[in-house]
file my_file08.txt (compact mmCIF, C-alpha atoms)
# COMPACT_ATOMS: atom_id res chain seq x y z
CA MET U 100 25.27 -9.02 27.79
CA LYS U 101 25.46 -8.13 24.11
CA THR U 102 22.64 -5.95 22.81
CA ILE U 103 21.00 -7.75 19.91
CA LEU U 104 17.88 -5.60 19.53
CA SER U 105 17.25 -1.85 19.74
CA ILE U 106 13.58 -0.88 20.06
CA ILE U 107 13.11 2.68 18.76
CA ILE U 108 10.00 4.55 19.87
CA PRO U 109 9.35 8.04 18.44
CA ALA U 110 7.05 10.00 20.74
CA TYR U 111 5.26 13.31 20.41
CA ASN U 112 2.86 14.43 23.15
CA SER U 113 2.41 10.77 24.08
CA GLU U 114 2.09 11.00 27.86
CA ARG U 115 -1.23 9.13 27.63
CA PHE U 116 0.46 6.03 26.24
CA ILE U 117 4.19 5.97 26.94
CA GLY U 118 4.02 4.64 30.52
CA ASN U 119 1.83 1.68 29.58
CA THR U 120 3.93 1.02 26.48
CA LEU U 121 7.20 0.91 28.43
CA ASP U 122 5.62 -1.25 31.14
CA MET U 123 4.41 -3.68 28.47
CA ILE U 124 7.86 -3.95 26.87
CA ILE U 125 9.76 -4.18 30.16
CA SER U 126 7.41 -6.89 31.45
CA GLN U 127 8.59 -9.13 28.61
CA GLY U 128 12.22 -8.84 29.76
CA LEU U 129 14.95 -6.64 28.34
CA ASP U 130 17.68 -9.29 28.15
CA GLY U 131 19.74 -8.42 25.08
CA CYS U 132 17.47 -5.46 24.30
CA GLU U 133 17.52 -1.71 24.66
CA VAL U 134 14.61 0.72 24.39
CA ILE U 135 15.22 4.17 22.91
CA VAL U 136 12.44 6.73 23.31
CA VAL U 137 13.01 9.74 21.03
CA ASN U 138 11.01 12.69 22.33
CA ASP U 139 10.13 14.79 19.28
CA GLY U 140 9.86 18.12 21.11
CA SER U 141 6.75 17.17 23.07
CA LEU U 142 4.91 19.81 25.11
CA ASP U 143 3.47 17.39 27.66
CA ARG U 144 4.93 15.43 30.61
CA ILE U 145 6.60 12.70 28.58
CA ALA U 146 10.11 13.70 29.69
CA GLU U 147 9.12 13.51 33.35
CA ILE U 148 7.56 10.08 32.84
CA CYS U 149 10.44 8.61 30.83
CA GLU U 150 13.15 9.87 33.17
CA LYS U 151 11.71 7.65 35.90
CA TYR U 152 12.27 4.65 33.64
CA THR U 153 15.80 5.63 32.63
CA LYS U 154 16.78 5.92 36.30
CA LYS U 155 15.34 2.49 37.07
CA TYR U 156 16.35 0.55 33.94
CA LYS U 157 19.78 0.91 32.37
CA ASN U 158 18.44 -0.54 29.09
CA VAL U 159 15.98 2.34 28.65
CA LYS U 160 17.31 5.50 26.96
CA PHE U 161 15.58 8.84 26.49
CA ILE U 162 16.56 11.41 23.86
CA THR U 163 14.92 14.81 23.34
CA ILE U 164 15.13 16.69 20.05
CA LEU U 165 13.49 19.81 18.67
CA HIS U 166 10.14 19.03 17.08
CA SER U 167 11.14 17.71 13.65
CA GLY U 168 8.63 14.98 12.84
CA VAL U 169 8.54 11.22 13.12
CA SER U 170 11.01 10.63 10.28
CA VAL U 171 13.79 12.60 11.96
CA ALA U 172 12.98 11.05 15.34
CA ARG U 173 13.39 7.54 13.94
CA ASN U 174 16.62 8.50 12.17
CA ILE U 175 18.02 9.82 15.47
CA GLY U 176 17.07 6.51 17.05
CA ILE U 177 18.99 4.57 14.39
CA LEU U 178 22.12 6.68 14.94
CA ASN U 179 22.00 6.14 18.71
CA ALA U 180 21.19 2.42 18.63
CA ILE U 181 23.79 -0.21 19.52
CA GLY U 182 21.75 -3.36 18.86
CA ASP U 183 22.52 -5.75 16.03
CA TYR U 184 18.93 -5.29 14.83
CA ILE U 185 16.51 -2.37 14.86
CA TYR U 186 12.81 -2.58 15.68
CA PHE U 187 10.57 0.45 15.15
CA PHE U 188 7.62 0.71 17.49
CA ASP U 189 4.98 3.39 18.08
CA SER U 190 4.15 4.75 21.50
CA ASP U 191 0.45 3.86 21.36
CA ASP U 192 0.58 0.31 19.95
CA THR U 193 1.26 -3.02 21.62
CA LEU U 194 2.87 -6.44 21.22
CA GLU U 195 1.76 -9.98 21.93
CA GLN U 196 2.94 -11.22 25.32
CA ASN U 197 5.66 -13.47 23.86
CA ALA U 198 6.90 -11.03 21.23
CA LEU U 199 10.34 -10.13 22.64
CA ASN U 200 11.18 -13.77 23.33
CA ALA U 201 10.16 -14.56 19.75
CA PHE U 202 12.31 -11.71 18.43
CA ARG U 203 15.33 -12.95 20.36
CA TYR U 204 14.76 -16.46 19.02
CA LEU U 205 14.48 -15.23 15.43
CA ILE U 206 17.70 -13.25 15.64
CA ARG U 207 19.68 -15.97 17.36
CA GLY U 208 18.36 -19.00 15.54
CA ASN U 209 17.66 -18.42 11.83
CA GLY U 210 20.90 -17.93 9.95
CA ALA U 211 21.35 -14.19 10.46
CA ALA U 212 19.04 -12.86 7.75
CA ASP U 213 19.29 -9.14 7.05
CA VAL U 214 15.60 -8.69 7.85
CA TYR U 215 13.05 -10.70 9.83
CA SER U 216 9.38 -9.98 9.15
CA PHE U 217 6.11 -11.17 10.68
CA GLY U 218 2.36 -10.64 10.67
CA CYS U 219 0.21 -8.15 12.56
CA LYS U 220 -3.29 -7.55 13.87
CA PHE U 221 -5.43 -4.41 13.79
CA LYS U 222 -7.38 -3.66 16.94
CA THR U 223 -10.00 -1.07 17.83
CA ASP U 224 -12.19 -0.73 20.93
CA GLY U 225 -10.53 -3.85 22.33
CA LYS U 226 -11.49 -6.05 19.36
CA ILE U 227 -9.34 -7.56 16.62
CA ILE U 228 -10.81 -6.36 13.31
CA LYS U 229 -8.08 -7.37 10.83
CA LYS U 230 -5.22 -9.83 10.66
CA TYR U 231 -2.42 -9.69 8.12
CA SER U 232 -0.53 -12.95 7.90
CA CYS U 233 0.60 -15.25 5.05
CA PRO U 234 0.85 -18.88 6.26
CA LYS U 235 2.03 -20.08 2.82
CA PHE U 236 5.22 -18.04 3.25
CA ASN U 237 5.79 -19.14 6.84
CA ARG U 238 9.45 -19.75 7.78
CA LYS U 239 10.72 -19.00 4.29
CA ILE U 240 13.77 -16.94 3.36
CA PHE U 241 13.42 -14.62 0.36
CA PHE U 242 15.93 -12.67 -1.68
CA ASN U 243 15.17 -8.95 -1.55
CA ILE U 244 13.87 -8.69 -5.12
CA ASP U 245 11.40 -11.54 -4.53
CA MET U 246 10.06 -10.05 -1.28
CA LEU U 247 9.81 -6.59 -2.84
CA SER U 248 7.84 -8.04 -5.75
CA LEU U 249 5.38 -9.73 -3.37
CA TYR U 250 4.97 -6.46 -1.46
CA LEU U 251 4.34 -4.38 -4.59
CA GLU U 252 1.83 -6.93 -5.86
CA LYS U 253 -0.05 -6.79 -2.54
CA LYS U 254 0.50 -10.50 -1.99
CA ILE U 255 2.01 -9.76 1.40
CA SER U 256 1.37 -6.84 3.75
CA PHE U 257 3.78 -5.07 6.06
CA SER U 258 3.82 -2.32 8.65
CA ILE U 259 6.97 -0.47 9.67
CA CYS U 260 6.46 -2.27 12.99
CA THR U 261 6.61 -5.78 11.49
CA PHE U 262 10.35 -5.84 10.76
CA LEU U 263 13.55 -6.57 12.63
CA ILE U 264 16.23 -4.91 10.50
CA LYS U 265 19.98 -5.44 10.72
CA ARG U 266 21.39 -2.08 11.79
CA GLU U 267 24.49 -2.62 9.70
CA VAL U 268 22.34 -2.70 6.55
CA LEU U 269 20.74 0.65 7.36
CA ILE U 270 24.05 2.32 8.23
CA GLN U 271 26.14 0.93 5.36
CA GLN U 272 23.45 1.46 2.70
CA GLY U 273 22.40 4.85 4.04
CA VAL U 274 18.77 3.81 4.42
CA ALA U 275 16.82 6.43 6.36
CA PHE U 276 13.42 8.08 6.61
CA THR U 277 12.94 11.21 4.51
CA PRO U 278 12.92 14.24 6.87
CA GLY U 279 9.76 16.33 6.87
CA VAL U 280 7.53 13.50 5.65
CA ARG U 281 4.93 12.38 8.19
CA ILE U 282 2.47 10.50 5.96
CA GLY U 283 3.74 7.66 3.79
CA GLU U 284 7.27 7.81 5.19
CA ASP U 285 6.94 4.22 6.33
CA ILE U 286 6.02 2.92 2.85
CA GLU U 287 8.99 4.67 1.26
CA PHE U 288 11.30 3.35 3.97
CA VAL U 289 10.07 -0.23 3.57
CA ILE U 290 10.77 -0.13 -0.19
CA LYS U 291 14.27 1.31 0.30
CA MET U 292 15.00 -1.13 3.09
CA LEU U 293 13.90 -4.18 1.08
CA VAL U 294 16.09 -3.05 -1.82
CA SER U 295 19.11 -2.74 0.49
CA ALA U 296 18.67 -6.04 2.32
CA LYS U 297 19.94 -9.27 0.78
CA THR U 298 17.70 -11.76 2.57
CA VAL U 299 14.33 -11.54 4.33
CA TYR U 300 13.03 -14.25 6.68
CA TYR U 301 9.24 -14.35 7.06
CA THR U 302 7.12 -15.91 9.79
CA SER U 303 3.32 -15.80 9.69
CA GLU U 304 3.12 -15.34 13.47
CA THR U 305 1.40 -12.06 14.42
CA TYR U 306 3.50 -10.36 17.09
CA PHE U 307 2.52 -6.73 16.49
CA ILE U 308 -0.90 -5.24 17.33
CA TYR U 309 -1.80 -1.93 15.70
CA GLN U 310 -4.22 0.16 17.73
CA ILE U 311 -6.59 2.08 15.45
CA ARG U 312 -7.46 5.54 16.78
CA THR U 313 -9.73 7.95 14.92
CA ASP U 314 -7.61 10.91 16.06
CA SER U 315 -4.36 9.61 14.54
CA VAL U 316 -2.66 11.12 11.47
CA SER U 317 -3.59 8.26 9.15
CA GLN U 318 -6.96 7.08 10.42
CA GLY U 319 -10.50 8.26 9.96
CA TYR U 320 -12.46 9.60 6.98
CA ARG U 321 -13.21 13.07 8.33
CA SER U 322 -10.37 14.98 6.71
CA TYR U 323 -8.01 14.86 3.75
CA ASN U 324 -5.27 17.29 2.75
CA VAL U 325 -2.53 17.87 0.18
CA GLU U 326 0.07 16.25 2.44
CA GLN U 327 -1.81 12.97 2.17
CA PHE U 328 -1.87 13.21 -1.62
CA LYS U 329 1.88 13.88 -1.74
CA VAL U 330 2.54 10.30 -0.64
CA ILE U 331 1.75 9.22 -4.22
CA ALA U 332 4.56 11.40 -5.62
CA LEU U 333 6.88 10.29 -2.83
CA ILE U 334 6.42 6.59 -3.56
CA THR U 335 6.46 7.16 -7.33
CA ASP U 336 9.85 8.85 -7.09
CA CYS U 337 11.12 6.08 -4.81
CA LEU U 338 10.12 3.36 -7.27
CA ARG U 339 11.57 5.29 -10.21
CA ASN U 340 14.88 5.54 -8.34
CA ILE U 341 15.13 1.76 -8.04
CA SER U 342 13.90 0.98 -11.56
CA ASP U 343 17.44 0.84 -12.92
CA LEU U 344 18.37 -1.75 -10.32
CA TYR U 345 15.31 -3.94 -10.88
CA SER U 346 14.07 -3.47 -14.43
CA GLY U 347 11.66 -6.38 -14.11
CA LEU U 348 9.40 -4.64 -11.61
CA GLU U 349 7.56 -2.27 -13.95
CA ARG U 350 4.27 -4.18 -13.82
CA GLN U 351 4.42 -4.57 -10.02
CA SER U 352 5.31 -0.89 -9.57
CA ASN U 353 2.39 0.22 -11.76
CA PHE U 354 0.05 -2.01 -9.77
CA PHE U 355 1.27 -0.62 -6.45
CA ILE U 356 0.96 3.03 -7.55
CA ALA U 357 -2.51 2.41 -9.03
CA ASN U 358 -3.66 0.93 -5.73
CA LEU U 359 -2.14 3.83 -3.79
CA TYR U 360 -3.86 6.34 -6.08
CA MET U 361 -7.26 4.63 -5.72
CA ALA U 362 -6.91 4.33 -1.94
CA ASN U 363 -6.22 8.06 -1.67
CA LEU U 364 -9.09 8.89 -3.98
CA PHE U 365 -11.38 6.71 -1.86
CA PHE U 366 -10.31 8.43 1.38
CA TYR U 367 -10.73 11.87 -0.21
CA LEU U 368 -14.22 11.13 -1.51
CA ARG U 369 -15.24 9.68 1.86
CA SER U 370 -13.94 12.73 3.73
CA ASN U 371 -15.85 15.93 4.40
CA VAL U 372 -13.34 17.94 2.34
CA VAL U 373 -14.13 19.60 -1.00
CA ASP U 374 -11.05 21.31 -2.43
CA LYS U 375 -10.55 22.45 -6.04
CA HIS U 376 -6.77 22.16 -5.78
CA ILE U 377 -6.97 18.54 -4.56
CA ASN U 378 -9.52 17.79 -7.31
CA LYS U 379 -7.02 19.09 -9.86
CA LEU U 380 -4.20 17.00 -8.40
CA PHE U 381 -6.22 13.79 -8.74
CA ILE U 382 -7.24 14.64 -12.33
CA GLU U 383 -3.74 15.58 -13.48
CA ASN U 384 -1.89 12.68 -11.85
CA LYS U 385 -3.69 9.64 -13.27
CA VAL U 386 -0.44 8.21 -14.59
CA PHE U 387 1.43 4.94 -14.38
CA LEU U 388 5.11 4.79 -13.56
CA PHE U 389 6.11 2.87 -16.67
CA LYS U 390 4.71 2.28 -20.13
CA LYS U 391 3.89 -1.28 -21.08

call {"tool": "encode", "arguments": {"input": "my_file08.txt", "output": "structure tokens"}}
result
Amino acid sequence: MKTILSIIIPAYNSERFIGNTLDMIISQGLDGCEVIVVNDGSLDRIAEICEKYTKKYKNVKFITILHSGVSVARNIGILNAIGDYIYFFDSDDTLEQNALNAFRYLIRGNGAADVYSFGCKFKTDGKIIKKYSCPKFNRKIFFNIDMLSLYLEKKISFSICTFLIKREVLIQQGVAFTPGVRIGEDIEFVIKMLVSAKTVYYTSETYFIYQIRTDSVSQGYRSYNVEQFKVIALITDCLRNISDLYSGLERQSNFFIANLYMANLFFYLRSNVVDKHINKLFIENKVFLFKK
């Protein structure tokens, strides 16, 4: 059977989650799908756990690399995928029970868009606390510039795990995650991916469930560091690089960067960190991308 979907799971010291995650995915049926776990130089038992799955299921692949970060791990997954579409998934999150069937239906039945996108839920302690979905855009196809504009204006929300992306688009356009970046790499990738795609199909169904953990890289108010601030420069450079292609997005880009700046400032002030260097960075970088 032809492989239409490659599910790429970067994993680092994820032995607590990976077994349950693979069981969840496999229980939905792997017809037309492959699962690629990229072990980012873990020090735990993840290799031992995953090898049991690769021996039992031919559609499950396991790749080990030297510890290089999530961006490199996902890039390795892209290069080793054979599916028509790519789906990025994290080792500690989950999907609705009908998600893979829905993904197969989207790919096979909606005119072969470059990207399919959908809603998501945020869950903590077993309870749904947030839902991101836009019913007014349900079952609509957008050109890339229109979807990018909605994203920059915060009229629609995405996670890296709410896209099915045509692999051909990523390979031909050279769209990849920036190596060495572990915070904000997903935002930069989404912008670059939306620029490279021609059409985006959106459904308001919420197939992805993000599990909030206070010990994750991006959650919690206890700490803040320079790496987190650097995401502002990363996204600013990304938007500047596409400004020549889409000169009408200055206002939207300014709005997006202003929101990103304020969100980081909020997290920093809520943390237990007091750092003169970070203070200086916030003071010296109160700038918009473009002049009016």

call {"tool": "closest_residue", "arguments": {"input": "my_file08.txt", "among": "U:Phe161, U:Asn112, U:Cys149, U:Ile206", "to": "U:Val136", "atoms": "all atoms listed in the file"}}
result
U:Phe161

call {"tool": "residues_around", "arguments": {"input": "my_file08.txt", "residues": "U:Ala201", "least_positions_apart": "6", "cutoff": "10 Å", "atoms": "all atoms listed in the file", "output": "list of chain:residue names"}}
result
U:Glu195, U:Arg207, U:Glu304, U:Tyr306

call {"tool": "axis_aligned_box", "arguments": {"input": "my_file08.txt", "around": "stretch 144-149 of chain U", "padding_each_side": "4 Å", "output": "lines of an AutoDock Vina configuration file"}}
result
center_x = 7.7
center_y = 12.0
center_z = 31.0
size_x = 13.5
size_y = 14.8
size_z = 12.8

call {"tool": "atom_distance", "arguments": {"input": "my_file08.txt", "atom1": "atom CA of U:Ser342", "atom2": "atom CA of U:Leu388"}}
result
9.8 Å

call {"tool": "atom_distance", "arguments": {"input": "my_file08.txt", "atom1": "atom CA of U:Leu165", "atom2": "atom CA of U:Phe288"}}
result
22.2 Å

call {"tool": "closest_residue", "arguments": {"input": "my_file08.txt", "among": "U:Asp374, U:Asp189, U:Asp143, U:Glu383", "to": "U:Ile107", "atoms": "only C-alpha atoms"}}
result
U:Asp189

call {"tool": "residues_around", "arguments": {"input": "my_file08.txt", "residues": "U:Ile290", "least_positions_apart": "3", "cutoff": "12 Å", "atoms": "only C-alpha atoms", "output": "JSON, numbers by chain"}}
result
{"U": [243, 244, 246, 247, 248, 249, 250, 251, 257, 258, 259, 274, 275, 276, 283, 284, 285, 286, 287, 293, 294, 295, 296, 333, 334, 335, 336, 337, 338, 339, 340, 341, 342, 352, 355]}

call {"tool": "closest_residue", "arguments": {"input": "my_file08.txt", "among": "U:Leu364, U:Phe389, U:Val280, U:Cys219", "to": "U:Gly347", "atoms": "only C-alpha atoms"}}
result
U:Phe389

call {"tool": "closest_residue", "arguments": {"input": "my_file08.txt", "among": "U:Asp245, U:Asp183, U:Glu267, U:Glu114", "to": "U:Arg144", "atoms": "all atoms listed in the file"}}
result
U:Glu114

call {"tool": "closest_residue", "arguments": {"input": "my_file08.txt", "among": "U:Leu199, U:Leu142, U:Leu344, U:Ile177", "to": "U:Ile264", "atoms": "all atoms listed in the file"}}
result
U:Ile177

call {"tool": "residues_around", "arguments": {"input": "my_file08.txt", "residues": "U:Gln127", "least_positions_apart": "4", "cutoff": "9 Å", "atoms": "only C-alpha atoms", "output": "list in words"}}
result
Asp122, Met123, Gln196, Asn197, Ala198, Leu199 and Asn200 of chain U

call {"tool": "closest_residue", "arguments": {"input": "my_file08.txt", "among": "U:Ile135, U:Ile117, U:Val289, U:Val159", "to": "U:Ala180", "atoms": "only C-alpha atoms"}}
result
U:Ile135

call {"tool": "atom_distance", "arguments": {"input": "my_file08.txt", "atom1": "atom CA of U:Lys154", "atom2": "atom CA of U:His166"}}
result
24.2 Å

call {"tool": "residues_near_point", "arguments": {"input": "my_file08.txt", "point": "(19.5, -2.7, 22.1)", "cutoff": "10 Å", "atoms": "only C-alpha atoms", "output": "list in words"}}
result
Lys101, Thr102, Ile103, Leu104, Ser105, Ile106, Ile107, Leu129, Asp130, Gly131, Cys132, Glu133, Val134, Ile135, Asn158, Val159, Lys160, Asn179, Ala180, Ile181, Gly182, Asp183, Tyr184, Ile185 and Tyr186 of chain U

call {"tool": "residues_around", "arguments": {"input": "my_file08.txt", "residues": "U:Tyr231", "least_positions_apart": "2", "cutoff": "10 Å", "atoms": "all atoms listed in the file", "output": "PDB file with C-alpha atoms, in the frame of the given file"}}
result
ATOM      1  CA  PHE U 217       6.110 -11.170  10.680  1.00  0.00           C
ATOM      2  CA  GLY U 218       2.360 -10.640  10.670  1.00  0.00           C
ATOM      3  CA  CYS U 219       0.210  -8.150  12.560  1.00  0.00           C
ATOM      4  CA  LYS U 220      -3.290  -7.550  13.870  1.00  0.00           C
ATOM      5  CA  PHE U 221      -5.430  -4.410  13.790  1.00  0.00           C
ATOM      6  CA  LYS U 229      -8.080  -7.370  10.830  1.00  0.00           C
ATOM      7  CA  CYS U 233       0.600 -15.250   5.050  1.00  0.00           C
ATOM      8  CA  PRO U 234       0.850 -18.880   6.260  1.00  0.00           C
ATOM      9  CA  ILE U 255       2.010  -9.760   1.400  1.00  0.00           C
ATOM     10  CA  SER U 256       1.370  -6.840   3.750  1.00  0.00           C
ATOM     11  CA  PHE U 257       3.780  -5.070   6.060  1.00  0.00           C
ATOM     12  CA  SER U 258       3.820  -2.320   8.650  1.00  0.00           C
ATOM     13  CA  SER U 303       3.320 -15.800   9.690  1.00  0.00           C
ATOM     14  CA  GLU U 304       3.120 -15.340  13.470  1.00  0.00           C
ATOM     15  CA  THR U 305       1.400 -12.060  14.420  1.00  0.00           C
TER      16      THR U 305
END

call {"tool": "residues_around", "arguments": {"input": "my_file08.txt", "residues": "U:Thr120", "least_positions_apart": "5", "cutoff": "10 Å", "atoms": "only C-alpha atoms", "output": "list in words"}}
result
Ile108, Arg115, Ile125, Ser126, Phe188, Asp189, Ser190, Asp191, Asp192, Thr193 and Leu194 of chain U
